[in-house]
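To be precise, the following lines are start_35.cif, and they hold mmCIF, N, CA and C atoms.
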data_input
loop_
_atom_site.label_atom_id
_atom_site.label_comp_id
_atom_site.auth_asym_id
_atom_site.auth_seq_id
_atom_site.Cartn_x
_atom_site.Cartn_y
_atom_site.Cartn_z
N MET A 1 -52.59 -51.13 30.54
CA MET A 1 -52.27 -50.02 29.70
C MET A 1 -52.94 -50.23 28.35
N PRO A 2 -53.64 -49.16 27.86
CA PRO A 2 -54.34 -49.32 26.58
C PRO A 2 -53.33 -49.37 25.44
N PRO A 3 -53.69 -50.06 24.37
CA PRO A 3 -52.78 -50.12 23.23
C PRO A 3 -52.66 -48.77 22.55
N LEU A 4 -51.48 -48.50 21.97
CA LEU A 4 -51.26 -47.24 21.26
C LEU A 4 -52.04 -47.23 19.97
N ALA A 5 -52.62 -46.08 19.68
CA ALA A 5 -53.43 -45.96 18.46
C ALA A 5 -52.49 -45.75 17.28
N ALA A 6 -52.96 -46.16 16.15
CA ALA A 6 -52.19 -45.95 14.93
C ALA A 6 -52.17 -44.47 14.62
N ALA A 7 -51.16 -44.04 13.90
CA ALA A 7 -51.06 -42.62 13.56
C ALA A 7 -52.19 -42.26 12.64
N GLY A 8 -53.18 -41.71 13.15
CA GLY A 8 -54.36 -41.31 12.38
C GLY A 8 -54.96 -40.09 13.01
N PRO A 9 -56.13 -39.71 12.56
CA PRO A 9 -56.76 -38.52 13.13
C PRO A 9 -57.06 -38.70 14.60
N ILE A 10 -56.97 -37.65 15.34
CA ILE A 10 -57.28 -37.65 16.75
C ILE A 10 -58.78 -37.53 16.87
N ALA A 11 -59.29 -38.23 17.82
CA ALA A 11 -60.74 -38.24 17.98
C ALA A 11 -61.22 -36.84 18.32
N GLY A 12 -62.22 -36.37 17.63
CA GLY A 12 -62.82 -35.08 17.90
C GLY A 12 -62.10 -33.92 17.24
N ALA A 13 -61.00 -34.17 16.55
CA ALA A 13 -60.26 -33.08 15.90
C ALA A 13 -60.66 -32.99 14.45
N SER A 14 -60.63 -31.81 13.92
CA SER A 14 -60.97 -31.64 12.51
C SER A 14 -59.80 -32.11 11.66
N PRO A 15 -60.05 -32.52 10.43
CA PRO A 15 -58.97 -33.02 9.59
C PRO A 15 -57.88 -31.98 9.33
N ALA A 16 -58.20 -30.67 9.30
CA ALA A 16 -57.21 -29.64 9.00
C ALA A 16 -56.19 -29.51 10.12
N THR A 17 -56.62 -29.71 11.38
CA THR A 17 -55.69 -29.56 12.50
C THR A 17 -54.94 -30.84 12.80
N SER A 18 -55.42 -31.97 12.29
CA SER A 18 -54.77 -33.21 12.64
C SER A 18 -53.76 -33.68 11.59
N SER A 19 -53.77 -33.09 10.41
CA SER A 19 -52.84 -33.55 9.38
C SER A 19 -51.44 -33.05 9.68
N ARG A 20 -50.46 -33.78 9.15
CA ARG A 20 -49.07 -33.42 9.39
C ARG A 20 -48.70 -32.12 8.68
N GLU A 21 -49.40 -31.76 7.62
CA GLU A 21 -49.09 -30.55 6.86
C GLU A 21 -49.76 -29.31 7.45
N SER A 22 -50.43 -29.46 8.56
CA SER A 22 -51.13 -28.29 9.10
C SER A 22 -50.12 -27.24 9.55
N ARG A 23 -50.50 -26.04 9.36
CA ARG A 23 -49.66 -24.90 9.70
C ARG A 23 -50.32 -24.12 10.82
N PRO A 24 -49.53 -23.43 11.61
CA PRO A 24 -50.15 -22.63 12.67
C PRO A 24 -51.02 -21.53 12.07
N GLU A 25 -52.05 -21.21 12.79
CA GLU A 25 -52.98 -20.22 12.29
C GLU A 25 -52.37 -18.83 12.35
N VAL A 26 -52.44 -18.10 11.26
CA VAL A 26 -51.92 -16.75 11.18
C VAL A 26 -53.11 -15.80 11.23
N PRO A 27 -53.08 -14.84 12.15
CA PRO A 27 -54.21 -13.91 12.22
C PRO A 27 -54.30 -13.09 10.93
N GLN A 28 -55.49 -12.93 10.46
CA GLN A 28 -55.74 -12.19 9.23
C GLN A 28 -56.20 -10.79 9.56
N GLY A 29 -55.37 -9.78 9.20
CA GLY A 29 -55.75 -8.37 9.41
C GLY A 29 -55.94 -8.07 10.88
N GLY A 30 -56.27 -6.87 11.18
CA GLY A 30 -56.58 -6.49 12.55
C GLY A 30 -55.38 -6.52 13.47
N GLY A 31 -54.16 -6.53 12.92
CA GLY A 31 -52.97 -6.53 13.76
C GLY A 31 -52.88 -5.22 14.53
N MET A 32 -52.14 -5.24 15.62
CA MET A 32 -52.04 -4.05 16.46
C MET A 32 -51.19 -2.98 15.77
N PRO A 33 -51.66 -1.76 15.70
CA PRO A 33 -50.89 -0.68 15.07
C PRO A 33 -49.81 -0.16 16.01
N TRP A 34 -48.78 -0.96 16.26
CA TRP A 34 -47.77 -0.61 17.25
C TRP A 34 -47.01 0.66 16.94
N PRO A 35 -46.72 1.00 15.65
CA PRO A 35 -46.01 2.27 15.44
C PRO A 35 -46.81 3.48 15.93
N ALA A 36 -48.12 3.43 15.72
CA ALA A 36 -48.96 4.54 16.17
C ALA A 36 -48.98 4.62 17.68
N ILE A 37 -48.97 3.47 18.34
CA ILE A 37 -48.98 3.46 19.80
C ILE A 37 -47.65 4.00 20.35
N VAL A 38 -46.54 3.58 19.75
CA VAL A 38 -45.24 4.05 20.21
C VAL A 38 -45.10 5.55 19.99
N LEU A 39 -45.43 6.03 18.80
CA LEU A 39 -45.32 7.46 18.51
C LEU A 39 -46.28 8.28 19.38
N GLY A 40 -47.46 7.73 19.61
CA GLY A 40 -48.41 8.42 20.49
C GLY A 40 -47.87 8.52 21.91
N GLY A 41 -47.22 7.45 22.37
CA GLY A 41 -46.62 7.46 23.71
C GLY A 41 -45.50 8.48 23.82
N ILE A 42 -44.68 8.56 22.79
CA ILE A 42 -43.60 9.54 22.79
C ILE A 42 -44.17 10.96 22.81
N GLY A 43 -45.20 11.19 22.01
CA GLY A 43 -45.83 12.50 21.97
C GLY A 43 -46.45 12.88 23.31
N LEU A 44 -47.13 11.92 23.94
CA LEU A 44 -47.72 12.21 25.25
C LEU A 44 -46.64 12.46 26.30
N GLY A 45 -45.55 11.72 26.21
CA GLY A 45 -44.44 11.94 27.14
C GLY A 45 -43.83 13.33 26.97
N ALA A 46 -43.68 13.77 25.70
CA ALA A 46 -43.15 15.10 25.45
C ALA A 46 -44.09 16.19 25.98
N LEU A 47 -45.38 16.00 25.77
CA LEU A 47 -46.34 16.98 26.29
C LEU A 47 -46.31 17.04 27.81
N ALA A 48 -46.19 15.86 28.47
CA ALA A 48 -46.12 15.83 29.92
C ALA A 48 -44.85 16.52 30.42
N ALA A 49 -43.74 16.29 29.74
CA ALA A 49 -42.48 16.92 30.14
C ALA A 49 -42.57 18.44 29.97
N ARG A 50 -43.16 18.89 28.86
CA ARG A 50 -43.31 20.33 28.65
C ARG A 50 -44.18 20.94 29.73
N GLY A 51 -45.27 20.26 30.05
CA GLY A 51 -46.15 20.76 31.10
C GLY A 51 -45.45 20.84 32.44
N GLY A 52 -44.63 19.82 32.74
CA GLY A 52 -43.89 19.82 33.99
C GLY A 52 -42.88 20.95 34.05
N LEU A 53 -42.17 21.18 32.94
CA LEU A 53 -41.19 22.28 32.90
C LEU A 53 -41.87 23.63 33.05
N ARG A 54 -43.02 23.77 32.42
CA ARG A 54 -43.75 25.04 32.54
C ARG A 54 -44.22 25.26 33.98
N ALA A 55 -44.67 24.19 34.63
CA ALA A 55 -45.13 24.30 36.01
C ALA A 55 -43.97 24.67 36.93
N LEU A 56 -42.80 24.06 36.70
CA LEU A 56 -41.63 24.40 37.51
C LEU A 56 -41.22 25.85 37.32
N ARG A 57 -41.24 26.31 36.08
CA ARG A 57 -40.87 27.70 35.80
C ARG A 57 -41.86 28.66 36.46
N ALA A 58 -43.15 28.31 36.41
CA ALA A 58 -44.17 29.17 37.01
C ALA A 58 -44.04 29.21 38.52
N SER A 59 -43.54 28.14 39.14
CA SER A 59 -43.40 28.12 40.59
C SER A 59 -42.13 28.81 41.07
N GLY A 60 -41.30 29.26 40.13
CA GLY A 60 -40.12 30.03 40.49
C GLY A 60 -38.84 29.22 40.53
N VAL A 61 -38.86 27.97 40.13
CA VAL A 61 -37.64 27.15 40.11
C VAL A 61 -36.80 27.59 38.92
N LYS A 62 -35.53 27.88 39.19
CA LYS A 62 -34.64 28.31 38.11
C LYS A 62 -33.98 27.09 37.50
N MET A 63 -34.10 26.96 36.18
CA MET A 63 -33.52 25.82 35.48
C MET A 63 -32.39 26.31 34.60
N ASN A 64 -31.26 25.61 34.68
CA ASN A 64 -30.11 25.98 33.88
C ASN A 64 -29.67 24.74 33.10
N PHE A 65 -29.90 24.75 31.80
CA PHE A 65 -29.51 23.63 30.96
C PHE A 65 -28.17 23.95 30.32
N ASN A 66 -27.19 23.10 30.52
CA ASN A 66 -25.88 23.29 29.92
C ASN A 66 -25.81 22.52 28.61
N LEU A 67 -26.21 23.16 27.55
CA LEU A 67 -26.18 22.54 26.24
C LEU A 67 -24.86 22.83 25.55
N PRO A 68 -24.37 21.91 24.73
CA PRO A 68 -23.11 22.17 24.04
C PRO A 68 -23.26 23.30 23.04
N SER A 69 -22.21 24.09 22.92
CA SER A 69 -22.24 25.19 21.97
C SER A 69 -21.15 24.97 20.94
N PHE A 70 -21.29 25.62 19.82
CA PHE A 70 -20.31 25.49 18.75
C PHE A 70 -19.29 26.62 18.78
N SER A 71 -19.31 27.45 19.80
CA SER A 71 -18.38 28.57 19.87
C SER A 71 -16.97 28.11 20.19
N GLY A 72 -16.82 26.88 20.68
CA GLY A 72 -15.50 26.37 21.00
C GLY A 72 -14.73 25.90 19.77
N MET A 73 -15.38 25.86 18.63
CA MET A 73 -14.71 25.42 17.42
C MET A 73 -13.67 26.46 16.99
N ALA A 74 -12.73 26.04 16.19
CA ALA A 74 -11.69 26.96 15.71
C ALA A 74 -12.35 28.08 14.92
N GLY A 75 -12.28 29.26 15.42
CA GLY A 75 -12.87 30.40 14.73
C GLY A 75 -14.34 30.58 15.04
N GLY A 76 -14.99 29.60 15.64
CA GLY A 76 -16.41 29.70 15.95
C GLY A 76 -17.25 29.71 14.69
N LEU A 77 -18.53 29.85 14.88
CA LEU A 77 -19.44 29.93 13.74
C LEU A 77 -19.76 31.40 13.52
N GLN A 78 -18.94 32.06 12.77
CA GLN A 78 -19.13 33.47 12.52
C GLN A 78 -19.35 33.71 11.04
N GLY A 79 -20.05 34.76 10.73
CA GLY A 79 -20.27 35.11 9.33
C GLY A 79 -19.17 36.03 8.84
N PHE A 80 -19.40 36.58 7.67
CA PHE A 80 -18.43 37.51 7.09
C PHE A 80 -18.65 38.90 7.67
N GLU A 81 -17.56 39.67 7.74
CA GLU A 81 -17.66 41.05 8.20
C GLU A 81 -18.25 41.91 7.10
N SER A 82 -18.87 43.00 7.51
CA SER A 82 -19.40 43.93 6.53
C SER A 82 -19.03 45.33 6.95
N PRO A 83 -18.21 46.05 6.26
CA PRO A 83 -17.47 45.69 5.05
C PRO A 83 -16.29 44.78 5.40
N MET A 84 -15.79 44.08 4.39
CA MET A 84 -14.71 43.13 4.59
C MET A 84 -13.41 43.84 4.96
N SER A 85 -12.74 43.34 5.98
CA SER A 85 -11.46 43.93 6.40
C SER A 85 -10.31 43.21 5.68
N ARG A 86 -9.12 43.82 5.76
CA ARG A 86 -7.95 43.20 5.13
C ARG A 86 -7.62 41.87 5.80
N ALA A 87 -7.80 41.79 7.12
CA ALA A 87 -7.52 40.55 7.84
C ALA A 87 -8.44 39.42 7.37
N GLU A 88 -9.71 39.75 7.19
CA GLU A 88 -10.66 38.75 6.70
C GLU A 88 -10.34 38.36 5.26
N ALA A 89 -9.96 39.33 4.44
CA ALA A 89 -9.61 39.05 3.05
C ALA A 89 -8.41 38.10 2.98
N LYS A 90 -7.44 38.30 3.87
CA LYS A 90 -6.28 37.41 3.91
C LYS A 90 -6.69 36.00 4.33
N LYS A 91 -7.63 35.89 5.26
CA LYS A 91 -8.12 34.57 5.68
C LYS A 91 -8.84 33.86 4.53
N ILE A 92 -9.67 34.61 3.81
CA ILE A 92 -10.42 34.03 2.70
C ILE A 92 -9.48 33.53 1.61
N LEU A 93 -8.48 34.35 1.29
CA LEU A 93 -7.53 33.97 0.24
C LEU A 93 -6.44 33.03 0.74
N ASN A 94 -6.43 32.75 2.02
CA ASN A 94 -5.46 31.84 2.63
C ASN A 94 -4.03 32.35 2.42
N ILE A 95 -3.84 33.63 2.72
CA ILE A 95 -2.53 34.28 2.58
C ILE A 95 -2.00 34.54 3.98
N GLY A 96 -0.80 34.04 4.25
CA GLY A 96 -0.24 34.17 5.58
C GLY A 96 0.70 35.35 5.76
N SER A 97 1.26 35.88 4.69
CA SER A 97 2.25 36.94 4.84
C SER A 97 1.59 38.25 5.25
N VAL A 98 2.38 39.09 5.91
CA VAL A 98 1.86 40.36 6.42
C VAL A 98 1.52 41.32 5.27
N ALA A 99 2.42 41.46 4.33
CA ALA A 99 2.20 42.35 3.19
C ALA A 99 2.42 41.55 1.90
N PRO A 100 1.37 40.84 1.45
CA PRO A 100 1.54 40.01 0.25
C PRO A 100 1.66 40.87 -1.01
N SER A 101 2.39 40.36 -1.98
CA SER A 101 2.53 41.08 -3.25
C SER A 101 1.27 40.91 -4.07
N LYS A 102 1.12 41.75 -5.09
CA LYS A 102 -0.06 41.67 -5.96
C LYS A 102 -0.11 40.33 -6.68
N ASP A 103 1.05 39.82 -7.05
CA ASP A 103 1.09 38.52 -7.72
C ASP A 103 0.62 37.39 -6.80
N THR A 104 1.01 37.46 -5.53
CA THR A 104 0.57 36.46 -4.55
C THR A 104 -0.94 36.49 -4.39
N VAL A 105 -1.51 37.70 -4.31
CA VAL A 105 -2.96 37.86 -4.16
C VAL A 105 -3.67 37.32 -5.41
N ARG A 106 -3.16 37.68 -6.59
CA ARG A 106 -3.79 37.23 -7.84
C ARG A 106 -3.72 35.72 -7.98
N GLU A 107 -2.59 35.12 -7.61
CA GLU A 107 -2.45 33.66 -7.71
C GLU A 107 -3.39 32.94 -6.74
N ALA A 108 -3.48 33.46 -5.50
CA ALA A 108 -4.40 32.87 -4.51
C ALA A 108 -5.84 33.00 -4.99
N HIS A 109 -6.19 34.16 -5.53
CA HIS A 109 -7.54 34.39 -6.05
C HIS A 109 -7.85 33.43 -7.19
N ARG A 110 -6.90 33.29 -8.11
CA ARG A 110 -7.09 32.42 -9.27
C ARG A 110 -7.30 30.96 -8.82
N ARG A 111 -6.44 30.49 -7.91
CA ARG A 111 -6.51 29.11 -7.43
C ARG A 111 -7.85 28.82 -6.76
N LEU A 112 -8.30 29.74 -5.89
CA LEU A 112 -9.56 29.55 -5.18
C LEU A 112 -10.77 29.65 -6.12
N LEU A 113 -10.70 30.57 -7.06
CA LEU A 113 -11.84 30.75 -7.96
C LEU A 113 -11.99 29.56 -8.91
N ILE A 114 -10.87 28.97 -9.33
CA ILE A 114 -10.95 27.78 -10.17
C ILE A 114 -11.63 26.64 -9.39
N ALA A 115 -11.28 26.51 -8.13
CA ALA A 115 -11.87 25.44 -7.31
C ALA A 115 -13.32 25.70 -6.94
N ASN A 116 -13.74 26.96 -6.88
CA ASN A 116 -15.09 27.29 -6.41
C ASN A 116 -15.93 28.02 -7.45
N HIS A 117 -15.62 27.88 -8.71
CA HIS A 117 -16.35 28.62 -9.74
C HIS A 117 -17.78 28.11 -9.87
N PRO A 118 -18.76 29.01 -9.98
CA PRO A 118 -20.16 28.60 -10.10
C PRO A 118 -20.44 27.73 -11.33
N ASP A 119 -19.72 27.94 -12.42
CA ASP A 119 -19.94 27.12 -13.61
C ASP A 119 -19.49 25.68 -13.40
N LYS A 120 -18.66 25.45 -12.40
CA LYS A 120 -18.16 24.10 -12.10
C LYS A 120 -18.85 23.52 -10.86
N GLY A 121 -19.96 24.10 -10.46
CA GLY A 121 -20.71 23.58 -9.32
C GLY A 121 -20.44 24.30 -8.01
N GLY A 122 -19.64 25.36 -8.03
CA GLY A 122 -19.35 26.11 -6.81
C GLY A 122 -20.46 27.09 -6.48
N SER A 123 -20.34 27.69 -5.33
CA SER A 123 -21.34 28.65 -4.85
C SER A 123 -21.06 30.04 -5.41
N THR A 124 -22.10 30.71 -5.88
CA THR A 124 -21.94 32.08 -6.36
C THR A 124 -21.59 33.02 -5.20
N TYR A 125 -22.11 32.72 -4.01
CA TYR A 125 -21.83 33.54 -2.84
C TYR A 125 -20.35 33.45 -2.46
N ILE A 126 -19.82 32.24 -2.43
CA ILE A 126 -18.41 32.06 -2.09
C ILE A 126 -17.53 32.71 -3.15
N ALA A 127 -17.90 32.55 -4.42
CA ALA A 127 -17.12 33.18 -5.50
C ALA A 127 -17.13 34.70 -5.35
N SER A 128 -18.27 35.26 -4.97
CA SER A 128 -18.33 36.72 -4.79
C SER A 128 -17.46 37.17 -3.62
N LYS A 129 -17.39 36.36 -2.57
CA LYS A 129 -16.54 36.70 -1.43
C LYS A 129 -15.06 36.59 -1.80
N ILE A 130 -14.71 35.62 -2.63
CA ILE A 130 -13.33 35.50 -3.09
C ILE A 130 -12.96 36.73 -3.93
N ASN A 131 -13.86 37.15 -4.82
CA ASN A 131 -13.62 38.35 -5.63
C ASN A 131 -13.51 39.59 -4.76
N GLU A 132 -14.37 39.70 -3.76
CA GLU A 132 -14.33 40.85 -2.87
C GLU A 132 -13.02 40.88 -2.08
N ALA A 133 -12.55 39.71 -1.66
CA ALA A 133 -11.29 39.63 -0.92
C ALA A 133 -10.13 40.10 -1.80
N LYS A 134 -10.15 39.72 -3.07
CA LYS A 134 -9.10 40.16 -3.99
C LYS A 134 -9.14 41.69 -4.14
N GLU A 135 -10.33 42.25 -4.29
CA GLU A 135 -10.46 43.70 -4.44
C GLU A 135 -9.95 44.44 -3.21
N VAL A 136 -10.27 43.90 -2.02
CA VAL A 136 -9.80 44.54 -0.79
C VAL A 136 -8.29 44.48 -0.70
N MET A 137 -7.70 43.34 -1.03
CA MET A 137 -6.24 43.18 -0.92
C MET A 137 -5.48 44.01 -1.95
N LEU A 138 -6.08 44.19 -3.12
CA LEU A 138 -5.40 44.99 -4.16
C LEU A 138 -5.70 46.47 -4.03
N GLY A 139 -6.54 46.86 -3.09
CA GLY A 139 -6.83 48.25 -2.84
C GLY A 139 -7.87 48.84 -3.79
N LYS A 140 -8.57 48.01 -4.51
CA LYS A 140 -9.60 48.52 -5.44
C LYS A 140 -10.91 48.81 -4.73
N LYS A 141 -11.05 48.28 -3.51
CA LYS A 141 -12.28 48.49 -2.76
C LYS A 141 -11.89 49.03 -1.39
N SER A 142 -12.58 50.06 -0.96
CA SER A 142 -12.27 50.65 0.35
C SER A 142 -12.81 49.76 1.45
N THR A 143 -12.11 49.73 2.57
CA THR A 143 -12.54 48.88 3.69
C THR A 143 -13.41 49.60 4.64
#
If you convert what's in this file into structure tokens, what do you get?
Amino acid sequence: MPPLAAAGPIAGASPATSSRESRPEVPQGGGMPWPAIVLGGIGLGALAARGGLRALRASGVKMNFNLPSFSGMAGGLQGFESPMSRAEAKKILNIGSVAPSKDTVREAHRRLLIANHPDKGGSTYIASKINEAKEVMLGKKST
């Protein structure tokens, strides 16, 4: 058995690779642009899927996608009526009684307008709807 060599440079190795402080080589630049490859793959997949769906539709295959709808929510996603009805005005002012008094309407209007005033960061559209609801409930505006 040959004798063990002293801890020194390895024969044929450069001093940079044989020293104890040597670090692994880090590639400089030219790294793979993986985000572009991933996004490109997603884009190509979407185009292929669209092409496949178009081909199926052209061949007469009926496709029915059951997507979730928001109509099941309380009240659904509905806009305001035009012109505003008394029922809608009561909903806006959050009045539950069948025939509210003028004081009840004015107090509800005041409370909501303070909370939603445009000068305090509220919406001008919402404030106008609150005012319109008050007018409808007090009979100043025809329905």
Specify as a ChimeraX atom specification each residue included when the PyMOL selection byres (((chain A and resi 85 and name CA) around 12) and name CA) is applied to this file.
/A:80-84,86-92,129,132-137,139,141-143
Take atom C of Glu107 in chain A and atom C of Ser128 in chain A and report the distance between them in Å, one decimal.
15.0 Å
What is the distance, in Å and to one decimal place, between CA of Lys140 in chain A and atom C of Thr124 in chain A?
19.6 Å
Applying 8 Å and only N, CA and C atoms, which residues near Ala108 in chain A remain after dropping the ones on its own chain fewer than 2 positions away? List them as an mmCIF file with N, CA and C atoms, in the coordinates of the input.
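Output contents, as saved in around.cif:
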data_model
loop_
_atom_site.group_PDB
_atom_site.id
_atom_site.type_symbol
_atom_site.label_atom_id
_atom_site.label_comp_id
_atom_site.auth_asym_id
_atom_site.auth_seq_id
_atom_site.Cartn_x
_atom_site.Cartn_y
_atom_site.Cartn_z
ATOM 1 N N ILE A 92 -9.670 34.610 3.810
ATOM 2 C CA ILE A 92 -10.420 34.030 2.700
ATOM 3 C C ILE A 92 -9.480 33.530 1.610
ATOM 4 N N LEU A 93 -8.480 34.350 1.290
ATOM 5 C CA LEU A 93 -7.530 33.970 0.240
ATOM 6 C C LEU A 93 -6.440 33.030 0.740
ATOM 7 N N ASN A 94 -6.430 32.750 2.020
ATOM 8 C CA ASN A 94 -5.460 31.840 2.630
ATOM 9 C C ASN A 94 -4.030 32.350 2.420
ATOM 10 N N ILE A 95 -3.840 33.630 2.720
ATOM 11 C CA ILE A 95 -2.530 34.280 2.580
ATOM 12 C C ILE A 95 -2.000 34.540 3.980
ATOM 13 N N LYS A 102 1.120 41.750 -5.090
ATOM 14 C CA LYS A 102 -0.060 41.670 -5.960
ATOM 15 C C LYS A 102 -0.110 40.330 -6.680
ATOM 16 N N ASP A 103 1.050 39.820 -7.050
ATOM 17 C CA ASP A 103 1.090 38.520 -7.720
ATOM 18 C C ASP A 103 0.620 37.390 -6.800
ATOM 19 N N THR A 104 1.010 37.460 -5.530
ATOM 20 C CA THR A 104 0.570 36.460 -4.550
ATOM 21 C C THR A 104 -0.940 36.490 -4.390
ATOM 22 N N VAL A 105 -1.510 37.700 -4.310
ATOM 23 C CA VAL A 105 -2.960 37.860 -4.160
ATOM 24 C C VAL A 105 -3.670 37.320 -5.410
ATOM 25 N N ARG A 106 -3.160 37.680 -6.590
ATOM 26 C CA ARG A 106 -3.790 37.230 -7.840
ATOM 27 C C ARG A 106 -3.720 35.720 -7.980
ATOM 28 N N ARG A 110 -6.900 33.290 -8.110
ATOM 29 C CA ARG A 110 -7.090 32.420 -9.270
ATOM 30 C C ARG A 110 -7.300 30.960 -8.820
ATOM 31 N N ARG A 111 -6.440 30.490 -7.910
ATOM 32 C CA ARG A 111 -6.510 29.110 -7.430
ATOM 33 C C ARG A 111 -7.850 28.820 -6.760
ATOM 34 N N LEU A 112 -8.300 29.740 -5.890
ATOM 35 C CA LEU A 112 -9.560 29.550 -5.180
ATOM 36 C C LEU A 112 -10.770 29.650 -6.120
ATOM 37 N N LEU A 113 -10.700 30.570 -7.060
ATOM 38 C CA LEU A 113 -11.840 30.750 -7.960
ATOM 39 C C LEU A 113 -11.990 29.560 -8.910
ATOM 40 N N ILE A 114 -10.870 28.970 -9.330
ATOM 41 C CA ILE A 114 -10.950 27.780 -10.170
ATOM 42 C C ILE A 114 -11.630 26.640 -9.390
ATOM 43 N N LYS A 134 -10.150 39.720 -3.070
ATOM 44 C CA LYS A 134 -9.100 40.160 -3.990
ATOM 45 C C LYS A 134 -9.140 41.690 -4.140
#
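Pairwise distance (CA of Ile37 in chain A, atom N of Gly51 in chain A) equals 20.0 Å.
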